[in-house]
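Trainee: File follows, start-v5.json with JSON, C-alpha atoms:
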```
[["chain", "number", "residue", "atom", "x", "y", "z"],
["Z", 1, "MET", "CA", 22.04, 12.26, 17.39],
["Z", 2, "ASN", "CA", 24.04, 13.67, 14.51],
["Z", 3, "LEU", "CA", 24.57, 10.80, 12.11],
["Z", 4, "ALA", "CA", 26.64, 12.22, 9.30],
["Z", 5, "GLY", "CA", 30.39, 12.12, 9.81],
["Z", 6, "ASP", "CA", 30.25, 10.19, 13.12],
["Z", 7, "ASN", "CA", 32.76, 7.49, 12.15],
["Z", 8, "GLU", "CA", 32.93, 5.98, 15.65],
["Z", 9, "LEU", "CA", 29.28, 4.95, 15.35],
["Z", 10, "THR", "CA", 29.52, 3.60, 11.83],
["Z", 11, "MET", "CA", 28.62, -0.10, 11.64],
["Z", 12, "THR", "CA", 31.17, -2.01, 9.56],
["Z", 13, "ASN", "CA", 30.77, -5.65, 10.64],
["Z", 14, "VAL", "CA", 28.54, -7.46, 8.15],
["Z", 15, "ARG", "CA", 28.39, -10.48, 10.51],
["Z", 16, "ALA", "CA", 27.01, -8.53, 13.47],
["Z", 17, "GLU", "CA", 23.82, -9.92, 15.00],
["Z", 18, "LYS", "CA", 21.98, -6.65, 14.43],
["Z", 19, "VAL", "CA", 22.74, -6.91, 10.71],
["Z", 20, "ARG", "CA", 21.34, -10.45, 10.70],
["Z", 21, "GLU", "CA", 18.21, -9.28, 12.55],
["Z", 22, "VAL", "CA", 17.49, -6.64, 9.95],
["Z", 23, "ALA", "CA", 18.21, -9.01, 7.07],
["Z", 24, "ARG", "CA", 15.74, -11.54, 8.48],
["Z", 25, "LEU", "CA", 12.93, -9.05, 7.84],
["Z", 26, "ALA", "CA", 13.18, -10.05, 4.17],
["Z", 27, "THR", "CA", 11.60, -13.37, 5.18],
["Z", 28, "ARG", "CA", 7.97, -14.00, 6.12],
["Z", 29, "THR", "CA", 9.08, -15.85, 9.26],
["Z", 30, "GLY", "CA", 11.29, -12.98, 10.34],
["Z", 31, "ARG", "CA", 8.47, -10.48, 9.91],
["Z", 32, "ALA", "CA", 5.97, -12.67, 11.72],
["Z", 33, "ARG", "CA", 8.27, -13.13, 14.73],
["Z", 34, "SER", "CA", 9.25, -9.50, 15.07],
["Z", 35, "GLY", "CA", 6.11, -7.72, 13.88],
["Z", 36, "GLU", "CA", 8.39, -5.54, 11.76],
["Z", 37, "PHE", "CA", 9.16, -5.01, 8.09],
["Z", 38, "LEU", "CA", 11.85, -3.31, 6.03],
["Z", 39, "ALA", "CA", 11.44, -0.10, 4.05],
["Z", 40, "GLU", "CA", 14.26, 0.56, 1.59],
["Z", 41, "GLY", "CA", 15.34, 3.68, -0.24],
["Z", 42, "PRO", "CA", 15.01, 7.43, 0.42],
["Z", 43, "GLN", "CA", 11.37, 7.78, -0.67],
["Z", 44, "ALA", "CA", 10.03, 4.92, 1.44],
["Z", 45, "VAL", "CA", 12.07, 5.91, 4.50],
["Z", 46, "ARG", "CA", 11.04, 9.56, 4.10],
["Z", 47, "GLU", "CA", 7.35, 8.60, 4.13],
["Z", 48, "ALA", "CA", 7.85, 6.24, 7.07],
["Z", 49, "LEU", "CA", 9.55, 8.97, 9.11],
["Z", 50, "ARG", "CA", 6.95, 11.54, 8.09],
["Z", 51, "LEU", "CA", 4.17, 9.29, 9.40],
["Z", 52, "HIS", "CA", 6.17, 8.47, 12.53],
["Z", 53, "LEU", "CA", 6.55, 12.17, 13.36],
["Z", 54, "GLU", "CA", 2.89, 12.87, 12.59],
["Z", 55, "ASN", "CA", 1.77, 9.99, 14.79],
["Z", 56, "ALA", "CA", 4.02, 11.13, 17.63],
["Z", 57, "GLU", "CA", 2.47, 14.61, 17.45],
["Z", 58, "HIS", "CA", -1.01, 13.13, 17.84],
["Z", 59, "GLY", "CA", -0.18, 10.39, 20.35],
["Z", 60, "ARG", "CA", -0.65, 7.56, 17.87],
["Z", 61, "ALA", "CA", 1.35, 4.37, 17.38],
["Z", 62, "GLU", "CA", 5.03, 4.46, 16.43],
["Z", 63, "VAL", "CA", 5.96, 3.61, 12.86],
["Z", 64, "VAL", "CA", 9.77, 3.39, 12.72],
["Z", 65, "ARG", "CA", 12.00, 1.44, 15.09],
["Z", 66, "ALA", "CA", 15.40, 2.02, 13.46],
["Z", 67, "VAL", "CA", 17.13, 3.75, 10.55],
["Z", 68, "TYR", "CA", 20.42, 2.64, 8.99],
["Z", 69, "ALA", "CA", 22.04, 4.87, 6.39],
["Z", 70, "THR", "CA", 25.29, 5.46, 4.57],
["Z", 71, "GLU", "CA", 27.00, 8.83, 4.81],
["Z", 72, "ASP", "CA", 26.72, 9.28, 1.04],
["Z", 73, "CYS", "CA", 22.94, 8.86, 1.20],
["Z", 74, "LEU", "CA", 22.59, 11.44, 3.97],
["Z", 75, "ASP", "CA", 24.77, 13.86, 2.03],
["Z", 76, "LYS", "CA", 22.33, 13.56, -0.90],
["Z", 77, "HIS", "CA", 19.20, 13.59, 1.29],
["Z", 78, "PRO", "CA", 19.99, 15.74, 4.37],
["Z", 79, "GLU", "CA", 16.28, 15.96, 5.25],
["Z", 80, "LEU", "CA", 16.35, 12.27, 6.19],
["Z", 81, "GLU", "CA", 18.95, 12.95, 8.87],
["Z", 82, "VAL", "CA", 16.89, 15.87, 10.17],
["Z", 83, "MET", "CA", 13.77, 13.71, 10.34],
["Z", 84, "SER", "CA", 15.64, 10.84, 12.00],
["Z", 85, "ASN", "CA", 17.03, 13.19, 14.64],
["Z", 86, "LYS", "CA", 13.53, 14.48, 15.39],
["Z", 87, "ALA", "CA", 11.99, 11.01, 15.66],
["Z", 88, "GLU", "CA", 11.81, 9.89, 19.26],
["Z", 89, "ARG", "CA", 12.70, 6.31, 20.23],
["Z", 90, "VAL", "CA", 14.15, 5.61, 16.77],
["Z", 91, "HIS", "CA", 17.54, 3.88, 16.79],
["Z", 92, "THR", "CA", 19.70, 5.58, 14.15],
["Z", 93, "ARG", "CA", 23.09, 4.42, 12.91],
["Z", 94, "LEU", "CA", 25.51, 5.10, 10.13],
["Z", 95, "VAL", "CA", 26.56, 1.98, 8.21],
["Z", 96, "ASN", "CA", 29.03, 1.35, 5.44],
["Z", 97, "GLN", "CA", 27.93, 0.15, 2.00],
["Z", 98, "GLU", "CA", 28.79, -3.48, 2.78],
["Z", 99, "VAL", "CA", 26.63, -3.56, 5.89],
["Z", 100, "LEU", "CA", 23.75, -1.90, 4.10],
["Z", 101, "ALA", "CA", 23.99, -4.47, 1.30],
["Z", 102, "ALA", "CA", 23.85, -7.26, 3.89],
["Z", 103, "MET", "CA", 20.75, -5.73, 5.47],
["Z", 104, "ALA", "CA", 18.81, -4.83, 2.32],
["Z", 105, "ASP", "CA", 16.87, -7.09, 0.00],
["Z", 106, "THR", "CA", 17.97, -5.35, -3.21],
["Z", 107, "VAL", "CA", 21.20, -6.13, -5.05],
["Z", 108, "THR", "CA", 22.07, -2.43, -5.25],
["Z", 109, "PRO", "CA", 20.48, -0.74, -2.20],
["Z", 110, "GLN", "CA", 19.80, 2.99, -2.25],
["Z", 111, "GLY", "CA", 21.77, 3.92, 0.83],
["Z", 112, "ILE", "CA", 19.15, 3.75, 3.58],
["Z", 113, "VAL", "CA", 16.75, 1.30, 5.21],
["Z", 114, "ALA", "CA", 14.24, 1.65, 8.02],
["Z", 115, "VAL", "CA", 12.88, -1.04, 10.32],
["Z", 116, "CYS", "CA", 9.14, -0.33, 10.56],
["Z", 117, "VAL", "CA", 6.29, -1.67, 12.68],
["Z", 118, "ILE", "CA", 3.62, -3.74, 10.94],
["Z", 119, "PRO", "CA", 0.46, -1.79, 11.84],
["Z", 120, "GLU", "CA", -2.53, -3.40, 13.49],
["Z", 121, "THR", "CA", -5.50, -2.31, 11.38],
["Z", 122, "SER", "CA", -8.87, -3.99, 11.80],
["Z", 123, "LEU", "CA", -11.55, -4.45, 9.17],
["Z", 124, "GLN", "CA", -14.21, -3.32, 11.63],
["Z", 125, "ASP", "CA", -12.43, -0.05, 12.40],
["Z", 126, "VAL", "CA", -12.04, 0.81, 8.73],
["Z", 127, "ALA", "CA", -15.65, -0.11, 7.89],
["Z", 128, "ALA", "CA", -16.89, 1.97, 10.83],
["Z", 129, "THR", "CA", -15.49, 5.12, 9.19],
["Z", 130, "LYS", "CA", -17.99, 4.59, 6.34],
["Z", 131, "PRO", "CA", -15.32, 4.90, 3.64],
["Z", 132, "ARG", "CA", -16.17, 6.32, 0.23],
["Z", 133, "LEU", "CA", -13.68, 4.25, -1.77],
["Z", 134, "VAL", "CA", -11.91, 0.98, -0.94],
["Z", 135, "ALA", "CA", -9.85, -1.47, -3.01],
["Z", 136, "VAL", "CA", -10.04, -5.17, -2.17],
["Z", 137, "LEU", "CA", -7.38, -7.50, -3.56],
["Z", 138, "THR", "CA", -8.37, -11.14, -3.51],
["Z", 139, "ARG", "CA", -5.67, -13.72, -4.28],
["Z", 140, "VAL", "CA", -3.48, -11.10, -6.01],
["Z", 141, "GLN", "CA", -0.10, -12.78, -5.71],
["Z", 142, "ASP", "CA", 2.43, -10.66, -7.58],
["Z", 143, "PRO", "CA", 4.17, -8.13, -5.30],
["Z", 144, "GLY", "CA", 4.48, -5.62, -8.13],
["Z", 145, "ASN", "CA", 0.77, -5.79, -8.94],
["Z", 146, "ALA", "CA", -0.24, -5.45, -5.30],
["Z", 147, "GLY", "CA", 2.09, -2.50, -4.84],
["Z", 148, "THR", "CA", 0.80, -0.84, -8.00],
["Z", 149, "ILE", "CA", -2.80, -1.11, -6.81],
["Z", 150, "ILE", "CA", -1.93, 0.32, -3.40],
["Z", 151, "ARG", "CA", -0.12, 3.21, -5.08],
["Z", 152, "ALA", "CA", -3.09, 3.80, -7.40],
["Z", 153, "ALA", "CA", -5.53, 3.66, -4.47],
["Z", 154, "ASP", "CA", -3.43, 6.20, -2.62],
["Z", 155, "ALA", "CA", -3.26, 8.50, -5.65],
["Z", 156, "ALA", "CA", -7.01, 8.21, -6.21],
["Z", 157, "GLY", "CA", -7.72, 9.21, -2.62],
["Z", 158, "ALA", "CA", -9.07, 5.83, -1.54],
["Z", 159, "ASP", "CA", -9.76, 5.32, 2.15],
["Z", 160, "ALA", "CA", -8.26, 1.84, 2.55],
["Z", 161, "VAL", "CA", -6.92, -1.27, 0.83],
["Z", 162, "VAL", "CA", -7.82, -4.81, 1.88],
["Z", 163, "LEU", "CA", -5.86, -7.93, 0.91],
["Z", 164, "THR", "CA", -7.72, -11.17, 1.50],
["Z", 165, "SER", "CA", -6.11, -14.43, 2.58],
["Z", 166, "GLY", "CA", -4.24, -16.01, -0.31],
["Z", 167, "SER", "CA", -2.88, -12.66, -1.48],
["Z", 168, "VAL", "CA", 0.78, -11.68, -1.41],
["Z", 169, "ASP", "CA", 2.35, -10.55, 1.85],
["Z", 170, "ILE", "CA", 2.37, -6.81, 1.19],
["Z", 171, "TYR", "CA", 5.14, -6.32, 3.74],
["Z", 172, "ASN", "CA", 7.71, -8.31, 1.80],
["Z", 173, "PRO", "CA", 10.49, -6.01, 0.56],
["Z", 174, "LYS", "CA", 9.61, -6.18, -3.13],
["Z", 175, "ALA", "CA", 5.96, -5.32, -2.46],
["Z", 176, "VAL", "CA", 6.91, -2.48, -0.11],
["Z", 177, "ARG", "CA", 9.27, -1.03, -2.74],
["Z", 178, "SER", "CA", 6.58, -1.21, -5.42],
["Z", 179, "THR", "CA", 4.25, 1.00, -3.35],
["Z", 180, "VAL", "CA", 6.87, 3.80, -3.49],
["Z", 181, "GLY", "CA", 5.91, 4.98, -0.01],
["Z", 182, "SER", "CA", 2.14, 4.69, -0.42],
["Z", 183, "ILE", "CA", 2.10, 1.85, 2.09],
["Z", 184, "PHE", "CA", 2.45, 4.59, 4.74],
["Z", 185, "HIS", "CA", -0.39, 6.74, 3.40],
["Z", 186, "LEU", "CA", -3.58, 4.74, 3.98],
["Z", 187, "PRO", "CA", -4.88, 1.87, 6.11],
["Z", 188, "ILE", "CA", -4.02, -1.57, 4.74],
["Z", 189, "ILE", "CA", -5.71, -4.71, 6.04],
["Z", 190, "THR", "CA", -4.05, -8.04, 5.34],
["Z", 191, "ASN", "CA", -5.13, -11.68, 5.45],
["Z", 192, "ALA", "CA", -8.81, -10.70, 5.58],
["Z", 193, "ASP", "CA", -11.65, -13.17, 5.12],
["Z", 194, "PHE", "CA", -13.46, -12.37, 1.87],
["Z", 195, "GLY", "CA", -16.97, -13.02, 3.17],
["Z", 196, "ALA", "CA", -16.40, -10.97, 6.31],
["Z", 197, "THR", "CA", -14.97, -8.14, 4.22],
["Z", 198, "MET", "CA", -18.01, -7.99, 1.96],
["Z", 199, "ALA", "CA", -20.38, -8.14, 4.92],
["Z", 200, "ALA", "CA", -18.55, -5.37, 6.78],
["Z", 201, "PHE", "CA", -18.67, -2.89, 3.91],
["Z", 202, "LYS", "CA", -22.18, -3.79, 2.76],
["Z", 203, "GLY", "CA", -23.30, -3.23, 6.32],
["Z", 204, "GLN", "CA", -22.08, 0.35, 6.03],
["Z", 205, "GLY", "CA", -23.92, 0.95, 2.77],
["Z", 206, "SER", "CA", -21.12, 0.51, 0.22],
["Z", 207, "THR", "CA", -21.77, -0.84, -3.27],
["Z", 208, "ILE", "CA", -19.50, -3.77, -4.13],
["Z", 209, "LEU", "CA", -18.18, -3.69, -7.70],
["Z", 210, "ALA", "CA", -16.25, -6.64, -9.10],
["Z", 211, "ALA", "CA", -13.78, -5.85, -11.87],
["Z", 212, "ASP", "CA", -14.70, -8.59, -14.35],
["Z", 213, "GLY", "CA", -13.91, -8.71, -18.06],
["Z", 214, "TYR", "CA", -17.28, -10.37, -18.68],
["Z", 215, "GLY", "CA", -19.29, -7.98, -16.51],
["Z", 216, "ALA", "CA", -22.67, -6.72, -17.67],
["Z", 217, "ALA", "CA", -21.85, -3.14, -16.69],
["Z", 218, "ASP", "CA", -19.38, -1.16, -18.81],
["Z", 219, "LEU", "CA", -16.98, 1.22, -17.07],
["Z", 220, "ASP", "CA", -17.11, 3.75, -19.90],
["Z", 221, "ALA", "CA", -20.91, 3.78, -19.85],
["Z", 222, "LEU", "CA", -20.91, 4.29, -16.08],
["Z", 223, "GLN", "CA", -18.55, 7.25, -16.49],
["Z", 224, "ASP", "CA", -20.73, 8.70, -19.25],
["Z", 225, "ALA", "CA", -23.78, 8.44, -17.00],
["Z", 226, "SER", "CA", -21.89, 10.15, -14.19],
["Z", 227, "ALA", "CA", -20.84, 12.97, -16.51],
["Z", 228, "ALA", "CA", -24.44, 13.40, -17.65],
["Z", 229, "ARG", "CA", -25.61, 13.74, -14.07],
["Z", 230, "ARG", "CA", -22.97, 16.36, -13.42],
["Z", 231, "GLY", "CA", -24.25, 18.20, -16.47],
["Z", 232, "GLY", "CA", -27.70, 18.46, -14.94],
["Z", 233, "SER", "CA", -29.39, 15.37, -16.35],
["Z", 234, "THR", "CA", -32.33, 14.25, -14.26],
["Z", 235, "GLU", "CA", -32.47, 10.84, -15.87],
["Z", 236, "PRO", "CA", -32.24, 8.11, -13.25],
["Z", 237, "ALA", "CA", -29.47, 5.54, -13.50],
["Z", 238, "PRO", "CA", -30.45, 2.60, -15.75],
["Z", 239, "GLU", "CA", -32.10, -0.11, -13.73],
["Z", 240, "GLY", "CA", -29.61, -2.62, -12.43],
["Z", 241, "GLN", "CA", -26.59, -0.37, -13.12],
["Z", 242, "PRO", "CA", -24.29, 0.97, -10.36],
["Z", 243, "VAL", "CA", -23.74, 4.67, -9.69],
["Z", 244, "LEU", "CA", -20.08, 5.65, -9.48],
["Z", 245, "GLU", "CA", -20.80, 8.52, -7.09],
["Z", 246, "ASP", "CA", -21.96, 6.08, -4.40],
["Z", 247, "PRO", "CA", -19.60, 4.75, -1.69],
["Z", 248, "THR", "CA", -17.83, 1.94, -3.51],
["Z", 249, "VAL", "CA", -15.70, -1.10, -2.80],
["Z", 250, "TRP", "CA", -13.84, -2.38, -5.88],
["Z", 251, "VAL", "CA", -12.79, -6.04, -5.90],
["Z", 252, "PHE", "CA", -9.81, -7.13, -8.00],
["Z", 253, "GLY", "CA", -8.92, -10.78, -8.54],
["Z", 254, "ASN", "CA", -6.02, -13.09, -9.21],
["Z", 255, "GLU", "CA", -3.71, -12.26, -12.12],
["Z", 256, "GLY", "CA", -4.33, -15.47, -14.05],
["Z", 257, "GLN", "CA", -7.71, -16.67, -12.82],
["Z", 258, "GLY", "CA", -9.54, -13.44, -12.07],
["Z", 259, "LEU", "CA", -12.38, -13.65, -9.58],
["Z", 260, "ASP", "CA", -13.95, -17.03, -8.82],
["Z", 261, "GLU", "CA", -17.69, -17.64, -8.67],
["Z", 262, "THR", "CA", -17.89, -17.14, -4.92],
["Z", 263, "GLU", "CA", -16.11, -13.80, -5.18],
["Z", 264, "LEU", "CA", -18.25, -12.67, -8.10],
["Z", 265, "ALA", "CA", -21.38, -13.68, -6.19],
["Z", 266, "GLY", "CA", -20.28, -11.47, -3.31],
["Z", 267, "ALA", "CA", -20.44, -8.35, -5.49],
["Z", 268, "ASP", "CA", -23.47, -6.22, -6.25],
["Z", 269, "HIS", "CA", -22.37, -5.64, -9.85],
["Z", 270, "ARG", "CA", -19.77, -6.93, -12.28],
["Z", 271, "VAL", "CA", -18.05, -4.16, -14.22],
["Z", 272, "ALA", "CA", -15.94, -4.64, -17.34],
["Z", 273, "VAL", "CA", -13.20, -2.27, -18.50],
["Z", 274, "PRO", "CA", -13.79, -2.09, -22.27],
["Z", 275, "LEU", "CA", -11.01, -3.20, -24.62],
["Z", 276, "TYR", "CA", -10.82, -1.34, -27.93],
["Z", 277, "GLY", "CA", -7.77, -3.10, -29.32],
["Z", 278, "ILE", "CA", -7.01, -6.79, -29.71],
["Z", 279, "ALA", "CA", -5.38, -7.36, -26.31],
["Z", 280, "GLU", "CA", -6.95, -10.29, -24.50],
["Z", 281, "SER", "CA", -7.07, -8.51, -21.16],
["Z", 282, "LEU", "CA", -5.54, -5.80, -18.98],
["Z", 283, "ASN", "CA", -2.99, -6.29, -16.23],
["Z", 284, "VAL", "CA", -4.81, -6.22, -12.90],
["Z", 285, "GLY", "CA", -2.82, -3.19, -11.76],
["Z", 286, "THR", "CA", -3.79, -1.24, -14.87],
["Z", 287, "ALA", "CA", -7.44, -2.25, -14.63],
["Z", 288, "ALA", "CA", -7.53, -1.34, -10.94],
["Z", 289, "THR", "CA", -6.09, 2.09, -11.64],
["Z", 290, "MET", "CA", -8.78, 2.81, -14.24],
["Z", 291, "CYS", "CA", -11.59, 1.62, -11.96],
["Z", 292, "LEU", "CA", -10.40, 3.50, -8.89],
["Z", 293, "TYR", "CA", -9.94, 6.73, -10.81],
["Z", 294, "ALA", "CA", -13.36, 6.41, -12.42],
["Z", 295, "SER", "CA", -14.94, 6.23, -8.96],
["Z", 296, "ALA", "CA", -12.70, 8.93, -7.52],
["Z", 297, "ARG", "CA", -13.53, 11.38, -10.30],
["Z", 298, "ALA", "CA", -17.28, 10.72, -10.02],
["Z", 299, "GLN", "CA", -17.24, 11.07, -6.23],
["Z", 300, "ARG", "CA", -15.18, 14.25, -6.24],
["Z", 301, "ARG", "CA", -17.46, 15.92, -8.78],
["Z", 302, "GLY", "CA", -20.69, 14.43, -7.56]]
```
As structure tokens, please, write out the structure in this file.

Mentor:
Amino acid sequence: MNLAGDNELTMTNVRAEKVREVARLATRTGRARSGEFLAEGPQAVREALRLHLENAEHGRAEVVRAVYATEDCLDKHPELEVMSNKAERVHTRLVNQEVLAAMADTVTPQGIVAVCVIPETSLQDVAATKPRLVAVLTRVQDPGNAGTIIRAADAAGADAVVLTSGSVDIYNPKAVRSTVGSIFHLPIITNADFGATMAAFKGQGSTILAADGYGAADLDALQDASAARRGGSTEPAPEGQPVLEDPTVWVFGNEGQGLDETELAGADHRVAVPLYGIAESLNVGTAATMCLYASARAQRRG
């Protein structure tokens, strides 16, 4: 269906039931009842449609149920209309700015939203792939931090992200926006049990590293050791120290409290990111980015 310029199909009633249905996806209850979430803005919708088309080509699960866009947005991003037209079983409609504002979570929406399916991803299926790099978020509660870590994991080439119970709902609109489309790039497991998560990945041979400011292992020293091995050093890793080239699961804790004793005990090693200035600590998103990239670089060059 050609969206742009089709005024007869333009939704203009902000009180329509369909508008209310989409708006309810901003709430946890609405998402739980429908099994859907809202992706807002050209970048997120582009990545959702890209994955939808890729999945359709390979007979995998659908990603997008509906797309609602203003004519101005499609004029600026004509590829989104092309992708929407190609996507089978996706309901597509033009809307005016008032309707889009009623649907979206943001005060100033970016002209397009997509209703997406919350994927069913199991811990066992991800662990069975014997992933090289995984990020586990335990009790991370800020949507921006969670989104930043998912984006960093995606950029570092991680195989999956796991959020344990007590963490933020990653499918709330603010968290989805903060991933800038990365939520559609790698498997994400939500509401996972911490103990079961550790057992699943240890059972596949992964080393569990806890990001801990008081850890005995130093991230810089681990990177230096990795660089030395790449340079031909035959020195074995210091006893009791992790090897960044190994399959690794990084565990990142709550913004204010960090990792509790049970979570620290579930790790094989505690690794500190060194602080050279006088800052008390690093934001969890920043620390996670440094840790994930340290492992990614070692694994890629190992």

Trainee: Would you kindly identify which residues have an atom no farther than 8 Å from (21.6, 10.6, 4.2), using all atoms listed in the file and the file's own coordinates, and write them out as a list in words?

Mentor: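 All residues meeting the 8 Å criterion around (21.6, 10.6, 4.2) are Ala4, Ala69, Thr70, Glu71, Asp72, Cys73, Leu74, Asp75, Lys76, His77, Pro78, Glu79, Leu80, Glu81, Gly111 and Ile112 of chain Z.
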
Trainee: Go ahead and save the picked residues with C-alpha atoms, as a PDB file, keeping the file's coordinate frame.

Mentor:
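Generated file (again38.pdb):
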```
ATOM      1  CA  ALA Z   4      26.640  12.220   9.300  1.00  0.00           C
ATOM      2  CA  ALA Z  69      22.040   4.870   6.390  1.00  0.00           C
ATOM      3  CA  THR Z  70      25.290   5.460   4.570  1.00  0.00           C
ATOM      4  CA  GLU Z  71      27.000   8.830   4.810  1.00  0.00           C
ATOM      5  CA  ASP Z  72      26.720   9.280   1.040  1.00  0.00           C
ATOM      6  CA  CYS Z  73      22.940   8.860   1.200  1.00  0.00           C
ATOM      7  CA  LEU Z  74      22.590  11.440   3.970  1.00  0.00           C
ATOM      8  CA  ASP Z  75      24.770  13.860   2.030  1.00  0.00           C
ATOM      9  CA  LYS Z  76      22.330  13.560  -0.900  1.00  0.00           C
ATOM     10  CA  HIS Z  77      19.200  13.590   1.290  1.00  0.00           C
ATOM     11  CA  PRO Z  78      19.990  15.740   4.370  1.00  0.00           C
ATOM     12  CA  GLU Z  79      16.280  15.960   5.250  1.00  0.00           C
ATOM     13  CA  LEU Z  80      16.350  12.270   6.190  1.00  0.00           C
ATOM     14  CA  GLU Z  81      18.950  12.950   8.870  1.00  0.00           C
ATOM     15  CA  GLY Z 111      21.770   3.920   0.830  1.00  0.00           C
ATOM     16  CA  ILE Z 112      19.150   3.750   3.580  1.00  0.00           C
TER      17      ILE Z 112
END
```

Trainee: Dump as a ChimeraX atom specification all residues having an atom at most 12 Å from (18.2, -3.4, 9.7), computed in the file's coordinates with only C-alpha atoms.

Mentor: /Z:11,14,16-26,30,36-40,64-69,91-95,99-105,112-116

Trainee: Given all atoms listed in the file as the basis, pick out the residue of Z:Pro143, Z:Gly35, Z:Gly277, Z:Gly258 nearest to Ser178 of chain Z.

Mentor: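 Going through Z:Pro143, Z:Gly35, Z:Gly277, Z:Gly258 one by one, the smallest distance to Ser178 of chain Z is for Z:Pro143.
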
Trainee: Neighbours of Ser165 of chain Z within 8 Å (only C-alpha atoms; same-chain residues fewer than 6 positions away dropped), as a PyMOL selection string?

Mentor: chain Z and resi 138-139+190-194

Trainee: Can I get the selection written as a PDB file, in the frame of the given file, with C-alpha atoms?

Mentor:
```pdb
ATOM      1  CA  THR Z 138      -8.370 -11.140  -3.510  1.00  0.00           C
ATOM      2  CA  ARG Z 139      -5.670 -13.720  -4.280  1.00  0.00           C
ATOM      3  CA  THR Z 190      -4.050  -8.040   5.340  1.00  0.00           C
ATOM      4  CA  ASN Z 191      -5.130 -11.680   5.450  1.00  0.00           C
ATOM      5  CA  ALA Z 192      -8.810 -10.700   5.580  1.00  0.00           C
ATOM      6  CA  ASP Z 193     -11.650 -13.170   5.120  1.00  0.00           C
ATOM      7  CA  PHE Z 194     -13.460 -12.370   1.870  1.00  0.00           C
TER       8      PHE Z 194
END
```

Trainee: Which one is closest to Glu245 of chain Z: Z:Asn283, Z:Thr207, Z:Ser295, Z:Asn145? Count all atoms listed in the file.

Mentor: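 For Glu245 of chain Z, the nearest of the candidates is Z:Ser295.
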
Trainee: Which residue gives the smallest distance to Ile189 of chain Z among Z:Gly203, Z:Pro119, Z:Gly253, Z:Gly240, with only C-alpha atoms counted?

Mentor: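 Closest to Ile189 of chain Z, using only C-alpha atoms: Z:Pro119.
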
Trainee: Counting all atoms listed in the file, what is within 9 Å of Ile149 of chain Z, bar same-chain residues fewer than 5 positions away, as a list of chain:residue names?

Mentor: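 Answer for this query is Z:Ala135, Z:Leu137, Z:Gly144, Z:Asp154, Z:Val161, Z:Thr179, Z:Val284, Z:Gly285, Z:Thr286, Z:Ala288, Z:Thr289.
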
Trainee: Considering only C-alpha atoms, state which residue in the set Z:Pro187, Z:Gly195, Z:Pro42, Z:Gly213 is at the smallest distance from Thr164 of chain Z.

Mentor: Z:Gly195

Trainee: As an exercise, work out the distance from atom CA of Gly266 of chain Z to atom CA of Ile188 of chain Z in Å and give it to one decimal place.

Mentor: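 If I compute the distance from atom CA of Gly266 of chain Z to atom CA of Ile188 of chain Z, I get 20.7 Å.
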
Trainee: I'd like the interatomic distance between atom CA of Ile170 of chain Z and atom CA of Ala48 of chain Z, to a tenth of an Å.

Mentor: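 The value is 15.3 Å.
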
Trainee: Compile the contact shell of His269 of chain Z as a list in words: residues with an atom at most 8 Å away, counting only C-alpha atoms, same-chain residues fewer than 5 positions apart removed.

Mentor: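 Those residues are Ile208, Leu209, Ala210, Gly215, Ala216, Ala217, Gln241 and Pro242 of chain Z.
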
Trainee: Mind pulling up the distance from atom CA of Val134 of chain Z to atom CA of Val249 of chain Z?

Mentor: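 Atom CA of Val134 of chain Z lies at a distance of 4.7 Å from atom CA of Val249 of chain Z.
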
Trainee: Please determine, counting only C-alpha atoms, which residue among Z:Leu222, Z:Ala61, Z:Ala158, Z:Val140 has the shortest atom-to-atom distance to Gly256 of chain Z.

Mentor: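 Among the listed residues, the smallest separation from Gly256 of chain Z belongs to Z:Val140.
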
Trainee: From the list Z:Asp142, Z:Asp218, Z:Glu261, Z:Asp169, which residue is nearest Thr29 of chain Z when using all atoms listed in the file?

Mentor: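 Looking at the shortest contact to Thr29 of chain Z, the residue is Z:Asp169.
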
Trainee: Counting all atoms listed in the file, what is within 9 Å of Arg297 of chain Z, bar same-chain residues fewer than 5 positions away, as an MDAnalysis selection string?

Mentor: chainID Z and resid 156 223 244:245 292 302

Trainee: Adding 3 Å on each side of the box along x, y and z that holds all listed atoms of segment 104-115 of chain Z, could you give its centre and edge lengths in Å to one decimal, as AutoDock Vina command-line options?

Mentor:
```
--center_x 17.5 --center_y -1.6 --center_z 2.5 --size_x 15.2 --size_y 17.0 --size_z 21.6
```
